[in-house]
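K.L.:
Below you'll find the structure I mean.
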Amino acid sequence: MIVGVARMELHIPGVNSLKGKRQIIKSIKERVRNRFGVSIAEVEKQDLWQRATLGLACVANDRREANRLLSKVINFIEQNKNISLTDYEIEII
């Protein structure tokens, strides 16, 4: 069993309240869960309006599959026009 984890740093330039940020993050999390079946949560920076850190996790049969799945999720999130991806890292355990 292989576990893949990823951490993503996001900038959300168009929001000016925590409520606006939470709506965008909630939408992203729901779409990622439904489309890819991975675990996703906001793990840091919950009190900052325009910043968010998301944590992702998946289980796979081999390292390549875990890396491929997490890379697809990162690319999917990066295509969202409401946010910009500032940094990410993937770790395969």
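Each chain of the structure tokens is named A, B, ... in the order shown, its residues numbered from 1; ligands are numbered from 1 in display order.
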Quick one: residues within 12 Å of A:Gly55, only C-alpha atoms, excluding same-chain residues fewer than 4 positions away - as a compact mmCIF listing (two decimals) with C-alpha atoms, in the first residue's frame?

P.N.:
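Saved to out16.txt:
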```txt
# COMPACT_ATOMS: atom_id res chain seq x y z
CA GLY A 4 0.49 9.96 -1.38
CA VAL A 5 0.21 13.33 0.31
CA ALA A 6 0.36 16.82 -1.12
CA ARG A 7 0.38 20.30 0.32
CA MET A 8 -0.75 23.29 -1.72
CA GLU A 9 -0.32 26.99 -1.00
CA LEU A 10 -3.00 29.14 -2.65
CA ILE A 25 -12.35 26.79 -0.79
CA LYS A 29 -12.86 20.80 -1.98
CA VAL A 32 -11.96 17.59 -5.98
CA VAL A 38 -9.07 11.94 -2.61
CA SER A 39 -9.13 13.39 0.88
CA ILE A 40 -8.74 17.17 0.97
CA ALA A 41 -8.86 19.72 3.78
CA GLU A 42 -7.81 23.27 4.54
CA VAL A 43 -4.94 22.72 6.95
CA GLU A 44 -3.46 26.18 7.61
CA LYS A 45 -4.12 29.89 7.24
CA LEU A 70 -2.07 13.98 -6.95
CA VAL A 73 -5.62 17.16 -8.69
CA ILE A 74 -3.02 19.92 -8.52
CA TYR A 88 3.04 22.77 -3.75
CA GLU A 89 4.84 19.63 -2.73
CA ILE A 90 4.05 15.95 -3.18
CA GLU A 91 5.35 13.20 -0.94
```

K.L.:
Any chance you could list, as a ChimeraX atom specification, the residues in chain A that come up strand (DSSP E) when DSSP is run on the backbone?

P.N.:
/A:2-11,39-44,51-60,84-92

K.L.:
Using only C-alpha atoms, which residues sit within 12 Å of A:Asn82 once same-chain residues fewer than 5 positions away are excluded, as a PyMOL selection string?

P.N.:
chain A and resi 10-15+20-21+23-25+27-28+50+77

K.L.:
With N, CA and C atoms retained, write the just-selected residues as an mmCIF file, in the first residue's frame.

P.N.:
```
data_model
loop_
_atom_site.group_PDB
_atom_site.id
_atom_site.type_symbol
_atom_site.label_atom_id
_atom_site.label_comp_id
_atom_site.auth_asym_id
_atom_site.auth_seq_id
_atom_site.Cartn_x
_atom_site.Cartn_y
_atom_site.Cartn_z
ATOM 1 N N LEU A 10 -2.166 28.417 -1.695
ATOM 2 C CA LEU A 10 -2.997 29.141 -2.651
ATOM 3 C C LEU A 10 -3.089 30.620 -2.289
ATOM 4 N N HIS A 11 -3.208 31.443 -3.318
ATOM 5 C CA HIS A 11 -3.513 32.859 -3.149
ATOM 6 C C HIS A 11 -4.866 33.080 -3.813
ATOM 7 N N ILE A 12 -5.759 33.767 -3.102
ATOM 8 C CA ILE A 12 -7.117 34.019 -3.602
ATOM 9 C C ILE A 12 -7.287 35.530 -3.699
ATOM 10 N N PRO A 13 -6.906 36.134 -4.831
ATOM 11 C CA PRO A 13 -6.818 37.593 -4.917
ATOM 12 C C PRO A 13 -8.148 38.335 -4.903
ATOM 13 N N GLY A 14 -9.226 37.739 -5.302
ATOM 14 C CA GLY A 14 -10.482 38.460 -5.462
ATOM 15 C C GLY A 14 -11.357 38.561 -4.229
ATOM 16 N N VAL A 15 -10.935 38.013 -3.101
ATOM 17 C CA VAL A 15 -11.802 38.019 -1.922
ATOM 18 C C VAL A 15 -11.380 39.101 -0.931
ATOM 19 N N GLY A 20 -16.078 34.984 1.844
ATOM 20 C CA GLY A 20 -15.798 34.802 0.422
ATOM 21 C C GLY A 20 -14.751 33.730 0.183
ATOM 22 N N LYS A 21 -13.698 33.743 1.016
ATOM 23 C CA LYS A 21 -12.653 32.736 0.893
ATOM 24 C C LYS A 21 -13.215 31.349 1.143
ATOM 25 N N GLN A 23 -16.209 30.210 0.789
ATOM 26 C CA GLN A 23 -17.062 29.748 -0.313
ATOM 27 C C GLN A 23 -16.218 29.162 -1.436
ATOM 28 N N ILE A 24 -15.143 29.846 -1.785
ATOM 29 C CA ILE A 24 -14.272 29.369 -2.865
ATOM 30 C C ILE A 24 -13.601 28.063 -2.467
ATOM 31 N N ILE A 25 -13.043 27.997 -1.255
ATOM 32 C CA ILE A 25 -12.352 26.787 -0.792
ATOM 33 C C ILE A 25 -13.319 25.615 -0.687
ATOM 34 N N SER A 27 -16.037 25.106 -2.410
ATOM 35 C CA SER A 27 -16.354 24.668 -3.766
ATOM 36 C C SER A 27 -15.221 23.821 -4.340
ATOM 37 N N ILE A 28 -13.990 24.258 -4.162
ATOM 38 C CA ILE A 28 -12.837 23.505 -4.665
ATOM 39 C C ILE A 28 -12.779 22.132 -4.013
ATOM 40 N N GLN A 50 -6.886 36.004 1.976
ATOM 41 C CA GLN A 50 -6.470 35.691 0.613
ATOM 42 C C GLN A 50 -5.446 34.572 0.513
ATOM 43 N N ILE A 77 -6.879 22.028 -9.782
ATOM 44 C CA ILE A 77 -7.045 23.195 -8.913
ATOM 45 C C ILE A 77 -6.375 24.421 -9.532
#
```

K.L.:
Might you pull out every residue within 8 Å of A:Arg63, with only C-alpha atoms counted and same-chain residues fewer than 2 positions away left off, and present them as a compact mmCIF listing (two decimals) with N, CA and C atoms, in the first residue's frame?

P.N.:
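Saved result, part-v1.txt, follows:
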```txt
# COMPACT_ATOMS: atom_id res chain seq x y z
N ILE A 2 0.57 2.16 -0.88
CA ILE A 2 1.31 3.41 -1.02
C ILE A 2 0.38 4.57 -0.67
N GLY A 4 -0.01 8.72 -0.80
CA GLY A 4 0.49 9.96 -1.38
C GLY A 4 -0.12 11.14 -0.66
N ALA A 60 -2.84 4.28 -3.03
CA ALA A 60 -2.73 3.66 -4.35
C ALA A 60 -1.93 2.37 -4.27
N ASN A 61 -1.90 1.65 -5.39
CA ASN A 61 -1.16 0.39 -5.45
C ASN A 61 0.32 0.59 -5.70
N GLU A 65 1.17 5.71 -9.58
CA GLU A 65 -0.27 5.98 -9.58
C GLU A 65 -0.61 7.07 -8.56
N ALA A 66 -0.03 7.00 -7.38
CA ALA A 66 -0.27 8.03 -6.36
C ALA A 66 0.22 9.39 -6.84
N ASN A 67 1.41 9.43 -7.41
CA ASN A 67 1.96 10.68 -7.92
C ASN A 67 1.12 11.23 -9.07
N ILE A 92 5.43 10.84 -1.42
CA ILE A 92 4.92 9.47 -1.53
C ILE A 92 5.53 8.66 -0.40
```

K.L.:
Taking only C-alpha atoms into account, which of A:Lys19, A:Thr53, A:Arg33, A:Lys26 comes nearest A:Ser84?

P.N.:
A:Thr53

K.L.:
Figure out the distance between atom CA of A:Cys58 and atom CA of A:Gly37, please, to one decimal in Å.

P.N.:
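Here the two named atoms are 8.1 Å from each other.
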